[in-house]
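What follows is the content of work_21.txt (compact mmCIF, C-alpha atoms and all ligand atoms).
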# COMPACT_ATOMS: atom_id res chain seq x y z
CA MET B 1238 -47.12 25.65 12.74
CA THR B 1239 -48.85 22.33 12.12
CA GLU B 1240 -48.15 20.07 15.09
CA ASP B 1241 -50.32 19.67 18.12
CA SER B 1242 -47.64 18.54 20.56
CA LEU B 1243 -47.45 20.06 24.02
CA TRP B 1244 -44.37 22.00 22.88
CA ALA B 1245 -46.21 23.48 19.89
CA GLN B 1246 -49.26 24.29 21.97
CA PHE B 1247 -47.10 26.03 24.56
CA PHE B 1248 -45.38 28.23 21.98
CA ARG B 1249 -48.60 29.08 20.19
CA ARG B 1250 -50.37 30.00 23.40
CA LYS B 1251 -47.48 31.96 24.87
CA TYR B 1252 -46.17 33.82 21.84
CA VAL B 1253 -48.71 33.78 19.03
CA GLY B 1254 -52.04 33.86 20.84
CA GLU B 1255 -55.21 34.36 18.84
CA GLY B 1256 -53.62 36.30 15.98
CA HIS B 1257 -51.62 35.05 13.04
CA LEU B 1258 -47.95 34.11 13.21
CA SER B 1259 -47.07 36.78 10.65
CA LEU B 1260 -48.51 39.50 12.92
CA VAL B 1261 -46.56 38.68 16.07
CA ASN B 1262 -44.55 41.59 17.46
CA PRO B 1263 -40.90 40.58 16.95
CA ASP B 1264 -39.67 42.80 19.79
CA LYS B 1265 -41.59 41.02 22.52
CA GLY B 1266 -40.53 37.96 24.44
CA THR B 1267 -37.37 36.41 25.73
CA TRP B 1268 -33.98 36.58 24.11
CA PHE B 1269 -34.46 33.00 22.93
CA TRP B 1270 -37.84 33.64 21.34
CA LYS B 1271 -36.59 36.77 19.57
CA ALA B 1272 -33.76 34.71 18.08
CA VAL B 1273 -36.27 32.07 16.97
CA PHE B 1274 -38.53 34.74 15.59
CA LYS B 1275 -35.87 36.12 13.27
CA CYS B 1276 -36.34 32.97 11.19
CA ILE B 1277 -40.14 33.16 11.01
CA PRO B 1278 -40.37 35.44 7.92
CA MET B 1279 -38.04 33.06 6.08
CA VAL B 1280 -40.07 30.06 7.22
CA LEU B 1281 -43.31 31.70 6.07
CA GLU B 1282 -41.76 32.67 2.76
CA HIS B 1283 -40.82 29.09 1.98
CA SER B 1284 -44.02 27.43 3.06
CA LYS B 1285 -47.37 27.22 1.38
CA TRP B 1286 -50.73 25.67 2.18
CA LEU B 1287 -52.25 23.13 -0.15
CA ILE B 1288 -55.78 23.73 0.93
CA LYS B 1289 -58.49 21.13 1.00
CA ASP B 1290 -60.89 21.87 3.85
CA GLY B 1291 -59.63 25.46 3.98
CA ASN B 1292 -59.03 25.64 7.70
CA VAL B 1293 -56.44 28.40 7.16
CA SER B 1294 -56.51 32.16 7.44
CA PHE B 1295 -58.09 33.70 4.35
CA ARG B 1296 -56.05 36.81 4.70
CA TYR B 1297 -52.66 35.89 6.17
CA ASP B 1298 -51.88 32.29 5.20
CA LYS B 1299 -50.23 31.59 1.90
CA TRP B 1300 -52.69 29.43 0.00
CA VAL B 1301 -52.84 31.20 -3.38
CA ASP B 1302 -49.87 31.33 -5.72
CA ASN B 1303 -48.54 34.85 -5.16
CA GLY B 1304 -48.49 34.76 -1.38
CA PRO B 1305 -51.03 35.68 1.27
CA VAL B 1306 -54.17 37.39 -0.03
CA CYS B 1307 -53.34 40.45 2.12
CA TYR B 1308 -50.37 41.20 -0.20
CA ASP B 1309 -52.73 41.93 -3.08
CA PHE B 1310 -55.64 43.28 -1.04
CA PRO B 1311 -54.21 45.18 1.90
CA VAL B 1312 -57.50 46.51 3.20
CA LEU B 1313 -59.72 43.59 3.98
CA ALA B 1314 -62.52 43.19 6.45
CA TYR B 1315 -62.82 40.10 8.66
CA PRO B 1316 -59.21 39.63 9.81
CA LYS B 1317 -59.98 36.27 11.43
CA LEU B 1318 -61.84 34.86 8.44
CA LYS B 1319 -60.86 31.37 7.37
CA VAL B 1320 -61.14 30.05 3.84
CA LEU B 1321 -63.77 27.53 4.94
CA ASP B 1322 -65.90 30.40 6.28
CA CYS B 1323 -66.50 31.42 2.67
CA LYS B 1324 -68.68 28.37 2.18
CA ILE B 1325 -72.41 28.22 2.61
CA GLU B 1326 -73.39 24.60 2.97
CA ASN B 1327 -71.45 23.05 0.08
CA GLU B 1328 -71.17 26.08 -2.17
CA TRP B 1329 -68.70 28.92 -2.17
CA ASP B 1330 -70.24 32.19 -1.06
CA ILE B 1331 -69.59 34.13 -4.26
CA GLU B 1332 -71.07 37.30 -2.86
CA LEU B 1333 -68.67 37.27 0.07
CA LEU B 1334 -65.68 36.42 -2.13
CA TYR B 1335 -66.69 39.26 -4.42
CA ARG B 1336 -66.65 41.64 -1.48
CA LEU B 1337 -63.28 40.33 -0.34
CA VAL B 1338 -61.27 40.34 -3.55
CA GLY B 1339 -63.32 42.32 -6.03
CA ALA B 1340 -64.72 41.57 -9.47
CA SER B 1341 -61.40 41.15 -11.25
CA LYS B 1342 -60.22 38.27 -9.05
CA VAL B 1343 -63.38 36.54 -7.97
CA GLU B 1344 -63.70 34.28 -10.99
CA GLU B 1345 -60.13 33.06 -10.79
CA LEU B 1346 -60.50 32.45 -7.07
CA CYS B 1347 -63.76 30.56 -7.50
CA SER B 1348 -62.39 28.22 -10.12
CA PHE B 1349 -59.35 27.59 -7.93
CA LEU B 1350 -61.51 26.85 -4.89
CA ALA B 1351 -63.82 24.63 -6.93
CA SER B 1352 -60.86 22.43 -7.84
CA ARG B 1353 -60.08 21.69 -4.17
CA ARG B 1354 -60.99 18.32 -2.75
CA ALA B 1355 -62.12 17.52 0.75
CA GLY B 1356 -59.51 16.49 3.30
CA LYS B 1357 -56.96 17.95 5.66
CA ASP B 1358 -54.98 21.01 4.54
CA VAL B 1359 -51.28 20.33 4.11
CA LEU B 1360 -48.51 22.80 4.83
CA VAL B 1361 -45.78 22.31 2.26
CA TRP B 1362 -42.15 23.28 2.69
CA THR B 1363 -41.33 24.56 -0.78
CA LYS B 1364 -37.59 24.12 -0.43
CA SER B 1365 -37.64 20.34 -0.25
CA MET B 1366 -38.47 17.93 -3.04
CA ASP B 1367 -41.23 16.11 -1.16
CA GLY B 1368 -42.58 19.18 0.64
CA SER B 1369 -41.72 17.97 4.11
CA PHE B 1370 -40.04 20.31 6.56
CA SER B 1371 -36.62 19.50 7.97
CA SER B 1372 -34.35 21.62 10.11
CA LYS B 1373 -31.40 20.60 7.93
CA CYS B 1374 -33.02 22.06 4.83
CA THR B 1375 -34.07 25.18 6.75
CA TRP B 1376 -30.55 25.68 8.02
CA ASP B 1377 -29.36 25.56 4.42
CA CYS B 1378 -31.76 28.42 3.62
CA ALA B 1379 -30.73 30.49 6.63
CA ARG B 1380 -26.98 29.98 6.66
CA VAL B 1381 -24.47 32.17 4.90
CA ARG B 1382 -22.28 29.90 2.85
CA GLU B 1383 -18.55 30.60 2.87
CA LEU B 1384 -16.59 29.96 -0.28
CA GLU B 1385 -15.23 26.44 -0.30
CA SER B 1386 -11.56 26.25 0.46
CA ARG B 1387 -9.02 23.46 0.66
CA TRP B 1388 -7.88 24.78 4.02
CA LEU B 1389 -11.24 23.98 5.54
CA GLU B 1390 -11.09 20.42 4.28
CA TRP B 1391 -7.79 20.09 6.05
CA ILE B 1392 -9.00 21.64 9.29
CA TRP B 1393 -12.09 19.47 9.51
CA HIS B 1394 -10.29 16.30 8.41
CA LYS B 1395 -11.66 13.16 10.07
CA PHE B 1396 -8.19 12.10 11.28
CA ILE B 1397 -7.73 15.28 13.32
CA PRO B 1398 -9.28 15.26 16.80
CA THR B 1399 -12.36 17.48 16.91
CA LYS B 1400 -10.89 19.53 19.74
CA ALA B 1401 -7.88 20.41 17.57
CA SER B 1402 -10.15 21.23 14.62
CA ILE B 1403 -12.15 23.60 16.77
CA ILE B 1404 -9.02 25.37 18.07
CA MET B 1405 -7.85 25.84 14.47
CA TRP B 1406 -11.24 27.15 13.43
CA LYS B 1407 -11.22 29.55 16.37
CA ALA B 1408 -7.69 30.69 15.50
CA LEU B 1409 -8.79 31.42 11.91
CA HIS B 1410 -11.68 33.50 13.20
CA GLU B 1411 -9.56 35.19 15.86
CA CYS B 1412 -11.66 33.98 18.71
CA VAL B 1413 -9.12 32.06 20.77
CA SER B 1414 -9.23 33.66 24.20
CA VAL B 1415 -5.63 34.83 24.38
CA ASP B 1416 -4.93 37.92 26.51
CA ASP B 1417 -4.71 40.14 23.45
CA ARG B 1418 -8.20 39.13 22.31
CA ILE B 1419 -9.65 39.65 25.77
CA ARG B 1420 -8.14 43.14 25.92
CA ARG B 1421 -9.57 43.96 22.51
CA VAL B 1422 -13.11 43.24 23.67
CA GLY B 1423 -12.59 45.84 26.39
CA ILE B 1424 -11.51 43.86 29.43
CA PRO B 1425 -8.34 45.50 30.80
CA MET B 1426 -5.69 43.05 31.94
CA VAL B 1427 -1.93 42.72 32.23
CA SER B 1428 -0.70 40.14 29.77
CA ARG B 1429 1.97 37.62 30.55
CA CYS B 1430 2.33 34.50 28.48
CA ASP B 1431 2.77 31.16 30.26
CA CYS B 1432 4.57 29.39 27.46
CA CYS B 1433 8.01 30.99 27.71
CA GLN B 1434 10.56 32.12 30.27
CA GLU B 1435 10.37 35.85 29.53
CA GLY B 1436 6.56 35.98 29.93
CA ALA B 1437 5.89 37.87 26.71
CA TYR B 1438 2.68 39.59 25.68
CA GLU B 1439 0.19 36.86 24.82
CA ASP B 1440 -1.35 37.24 21.39
CA LEU B 1441 -2.40 34.63 18.85
CA ASN B 1442 0.75 34.92 16.81
CA HIS B 1443 2.93 34.46 19.88
CA VAL B 1444 1.06 31.45 21.20
CA LEU B 1445 0.77 29.56 17.93
CA TYR B 1446 3.83 30.69 16.01
CA ALA B 1447 6.43 33.09 17.41
CA GLY B 1448 6.64 32.06 21.07
CA GLU B 1449 9.39 29.82 22.43
CA PHE B 1450 7.12 26.85 22.93
CA ALA B 1451 5.46 27.15 19.52
CA LYS B 1452 8.81 27.58 17.79
CA ASP B 1453 10.13 24.40 19.40
CA ILE B 1454 7.14 22.49 18.08
CA TRP B 1455 7.34 24.01 14.59
ZN ZN B 1501 5.23 32.87 25.47
For this file, produce the structure as structure tokens.
Amino acid sequence: MTEDSLWAQFFRRKYVGEGHLSLVNPDKGTWFWKAVFKCIPMVLEHSKWLIKDGNVSFRYDKWVDNGPVCYDFPVLAYPKLKVLDCKIENEWDIELLYRLVGASKVEELCSFLASRRAGKDVLVWTKSMDGSFSSKCTWDCARVRELESRWLEWIWHKFIPTKASIIMWKALHECVSVDDRIRRVGIPMVSRCDCCQEGAYEDLNHVLYAGEFAKDIW
């Protein structure tokens, strides 16, 4: 949203185009982009422009307190208008602002704009203390937090090899690929466990607890 790297340019050109990020059709694009795009409303919600020069969309960028101007004034002319376009020489074009937001808001908007200094606009990530964006902080906004449990501390203990931790985590979430699990996702197969002589039906309980091999270990 703010960088000018080749990566950012590529994504902007390919997926956003001339319009605004908030208007992009979420159903278009690759599987990867659609997955990325699911996070965009959340990213927009938690970011805000501190405008100086006003090189941001008048209508769609969040630069006033209650969100983008289009929330309060859904029918607006000039969809591509930028805040800086409302200036004539060094003065704010009050007549234009009046047409855009109406008599009740124009005064408030003018005094807000008058308080802005010159410089580069800054996009602030409202979820962090210093306003800078980090993927860690964003992940904390997007993730669904499980209740803390002592079991999890034990599973992810630093003395347990990561591979073992992952197997335990998978067992807890029933996603170890035992025959029983594979059959339950709709793949028909004959099950025969490898861990014991009789070649029993392979399910999670058998492999980790009730089977011959598991019992010996327990
Ligand atoms: Zn077995």
Please give me, as an NGL selection string, the residues lying within 8 Å of ligand ZN 1501 (chain B) when counting only C-alpha atoms and all ligand atoms. :B and (1429-1439 or 1443-1444 or 1448-1450)
How would the residues just picked look written out with C-alpha atoms as a tab-separated table (two decimals), keeping the file's coordinate frame?
chain	number	residue	atom	x	y	z
B	1429	ARG	CA	1.97	37.62	30.55
B	1430	CYS	CA	2.33	34.50	28.48
B	1431	ASP	CA	2.77	31.16	30.26
B	1432	CYS	CA	4.57	29.39	27.46
B	1433	CYS	CA	8.01	30.99	27.71
B	1434	GLN	CA	10.56	32.12	30.27
B	1435	GLU	CA	10.37	35.85	29.53
B	1436	GLY	CA	6.56	35.98	29.93
B	1437	ALA	CA	5.89	37.87	26.71
B	1438	TYR	CA	2.68	39.59	25.68
B	1439	GLU	CA	0.19	36.86	24.82
B	1443	HIS	CA	2.93	34.46	19.88
B	1444	VAL	CA	1.06	31.45	21.20
B	1448	GLY	CA	6.64	32.06	21.07
B	1449	GLU	CA	9.39	29.82	22.43
B	1450	PHE	CA	7.12	26.85	22.93
Find the spatial neighbours of region 1283-1293 of chain B, counting all atoms listed in the file, within a cut-off of 10 Å - ignore same-chain residues fewer than 3 positions away - and output them as a VMD selection string. chain B and resid 1277 to 1280 1296 to 1302 1304 to 1305 1317 to 1324 1350 1352 to 1365 1368 to 1370 1375 1378
Computed interatomic separation between CA of Leu1337 (chain B) and CA of Leu1281 (chain B) (Å):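 These two atoms are separated by 22.7 Å.
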CA of Val1413 (chain B) and CA of Trp1391 (chain B), how far apart in Å?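 We find that CA of Trp1391 (chain B) and CA of Val1413 (chain B) lie 19.0 Å from each other.
Between CA of Pro1398 (chain B) and CA of Asp1416 (chain B) there is a distance of 25.0 Å.
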Please provide the set of residues having any atom within 12 Å of Arg1418 (chain B), restricted to all atoms listed in the file, with same-chain residues fewer than 4 positions apart removed, written as a ChimeraX atom specification. /B:1407-1408,1410-1414,1422-1426,1428,1438-1442
Quick one: write out the picked residues with C-alpha atoms as a PDB file, in the frame of the given file?
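So the final result, stored in part-v2.pdb, reads:
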ATOM      1  CA  LYS B1407     -11.220  29.550  16.370  1.00  0.00           C
ATOM      2  CA  ALA B1408      -7.690  30.690  15.500  1.00  0.00           C
ATOM      3  CA  HIS B1410     -11.680  33.500  13.200  1.00  0.00           C
ATOM      4  CA  GLU B1411      -9.560  35.190  15.860  1.00  0.00           C
ATOM      5  CA  CYS B1412     -11.660  33.980  18.710  1.00  0.00           C
ATOM      6  CA  VAL B1413      -9.120  32.060  20.770  1.00  0.00           C
ATOM      7  CA  SER B1414      -9.230  33.660  24.200  1.00  0.00           C
ATOM      8  CA  VAL B1422     -13.110  43.240  23.670  1.00  0.00           C
ATOM      9  CA  GLY B1423     -12.590  45.840  26.390  1.00  0.00           C
ATOM     10  CA  ILE B1424     -11.510  43.860  29.430  1.00  0.00           C
ATOM     11  CA  PRO B1425      -8.340  45.500  30.800  1.00  0.00           C
ATOM     12  CA  MET B1426      -5.690  43.050  31.940  1.00  0.00           C
ATOM     13  CA  SER B1428      -0.700  40.140  29.770  1.00  0.00           C
ATOM     14  CA  TYR B1438       2.680  39.590  25.680  1.00  0.00           C
ATOM     15  CA  GLU B1439       0.190  36.860  24.820  1.00  0.00           C
ATOM     16  CA  ASP B1440      -1.350  37.240  21.390  1.00  0.00           C
ATOM     17  CA  LEU B1441      -2.400  34.630  18.850  1.00  0.00           C
ATOM     18  CA  ASN B1442       0.750  34.920  16.810  1.00  0.00           C
TER      19      ASN B1442
END
Using all atoms listed in the file for the distances, tell me which of B:Val1273, B:Ile1392, B:Val1338, B:Ile1325 is nearest to Cys1307 (chain B).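 That would be B:Val1338, the residue with the smallest distance to Cys1307 (chain B).
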Supply region 1413-1427 of chain B as a PDB file, keeping the file's coordinate frame, with N, CA and C atoms built in where the input has gaps.
ATOM      1  N   VAL B1413      -9.759  32.787  19.671  1.00  0.00           N
ATOM      2  CA  VAL B1413      -9.120  32.060  20.770  1.00  0.00           C
ATOM      3  C   VAL B1413      -8.923  33.076  21.892  1.00  0.00           C
ATOM      4  N   SER B1414      -9.227  32.657  23.120  1.00  0.00           N
ATOM      5  CA  SER B1414      -9.230  33.660  24.200  1.00  0.00           C
ATOM      6  C   SER B1414      -7.838  33.933  24.760  1.00  0.00           C
ATOM      7  N   VAL B1415      -6.947  34.379  23.901  1.00  0.00           N
ATOM      8  CA  VAL B1415      -5.630  34.830  24.380  1.00  0.00           C
ATOM      9  C   VAL B1415      -5.812  36.229  24.990  1.00  0.00           C
ATOM     10  N   ASP B1416      -4.811  36.625  25.806  1.00  0.00           N
ATOM     11  CA  ASP B1416      -4.930  37.920  26.510  1.00  0.00           C
ATOM     12  C   ASP B1416      -5.226  39.066  25.553  1.00  0.00           C
ATOM     13  N   ASP B1417      -4.541  39.057  24.415  1.00  0.00           N
ATOM     14  CA  ASP B1417      -4.710  40.140  23.450  1.00  0.00           C
ATOM     15  C   ASP B1417      -6.165  40.281  22.999  1.00  0.00           C
ATOM     16  N   ARG B1418      -6.806  39.133  22.760  1.00  0.00           N
ATOM     17  CA  ARG B1418      -8.200  39.130  22.310  1.00  0.00           C
ATOM     18  C   ARG B1418      -9.112  39.662  23.410  1.00  0.00           C
ATOM     19  N   ILE B1419      -8.812  39.231  24.634  1.00  0.00           N
ATOM     20  CA  ILE B1419      -9.650  39.650  25.770  1.00  0.00           C
ATOM     21  C   ILE B1419      -9.544  41.166  25.970  1.00  0.00           C
ATOM     22  N   ARG B1420      -8.310  41.689  25.801  1.00  0.00           N
ATOM     23  CA  ARG B1420      -8.140  43.140  25.920  1.00  0.00           C
ATOM     24  C   ARG B1420      -8.896  43.875  24.818  1.00  0.00           C
ATOM     25  N   ARG B1421      -8.908  43.278  23.622  1.00  0.00           N
ATOM     26  CA  ARG B1421      -9.570  43.960  22.510  1.00  0.00           C
ATOM     27  C   ARG B1421     -11.093  44.000  22.630  1.00  0.00           C
ATOM     28  N   VAL B1422     -11.669  43.106  23.452  1.00  0.00           N
ATOM     29  CA  VAL B1422     -13.110  43.240  23.670  1.00  0.00           C
ATOM     30  C   VAL B1422     -13.407  44.149  24.854  1.00  0.00           C
ATOM     31  N   GLY B1423     -12.353  44.800  25.387  1.00  0.00           N
ATOM     32  CA  GLY B1423     -12.590  45.840  26.390  1.00  0.00           C
ATOM     33  C   GLY B1423     -12.386  45.427  27.823  1.00  0.00           C
ATOM     34  N   ILE B1424     -11.768  44.256  28.041  1.00  0.00           N
ATOM     35  CA  ILE B1424     -11.510  43.860  29.430  1.00  0.00           C
ATOM     36  C   ILE B1424     -10.029  44.143  29.716  1.00  0.00           C
ATOM     37  N   PRO B1425      -9.740  45.135  30.583  1.00  0.00           N
ATOM     38  CA  PRO B1425      -8.340  45.500  30.800  1.00  0.00           C
ATOM     39  C   PRO B1425      -7.618  44.425  31.618  1.00  0.00           C
ATOM     40  N   MET B1426      -6.456  44.039  31.175  1.00  0.00           N
ATOM     41  CA  MET B1426      -5.690  43.050  31.940  1.00  0.00           C
ATOM     42  C   MET B1426      -4.215  43.164  31.580  1.00  0.00           C
ATOM     43  N   VAL B1427      -3.363  42.758  32.513  1.00  0.00           N
ATOM     44  CA  VAL B1427      -1.930  42.720  32.230  1.00  0.00           C
ATOM     45  C   VAL B1427      -1.656  41.376  31.589  1.00  0.00           C
TER      46      VAL B1427
END
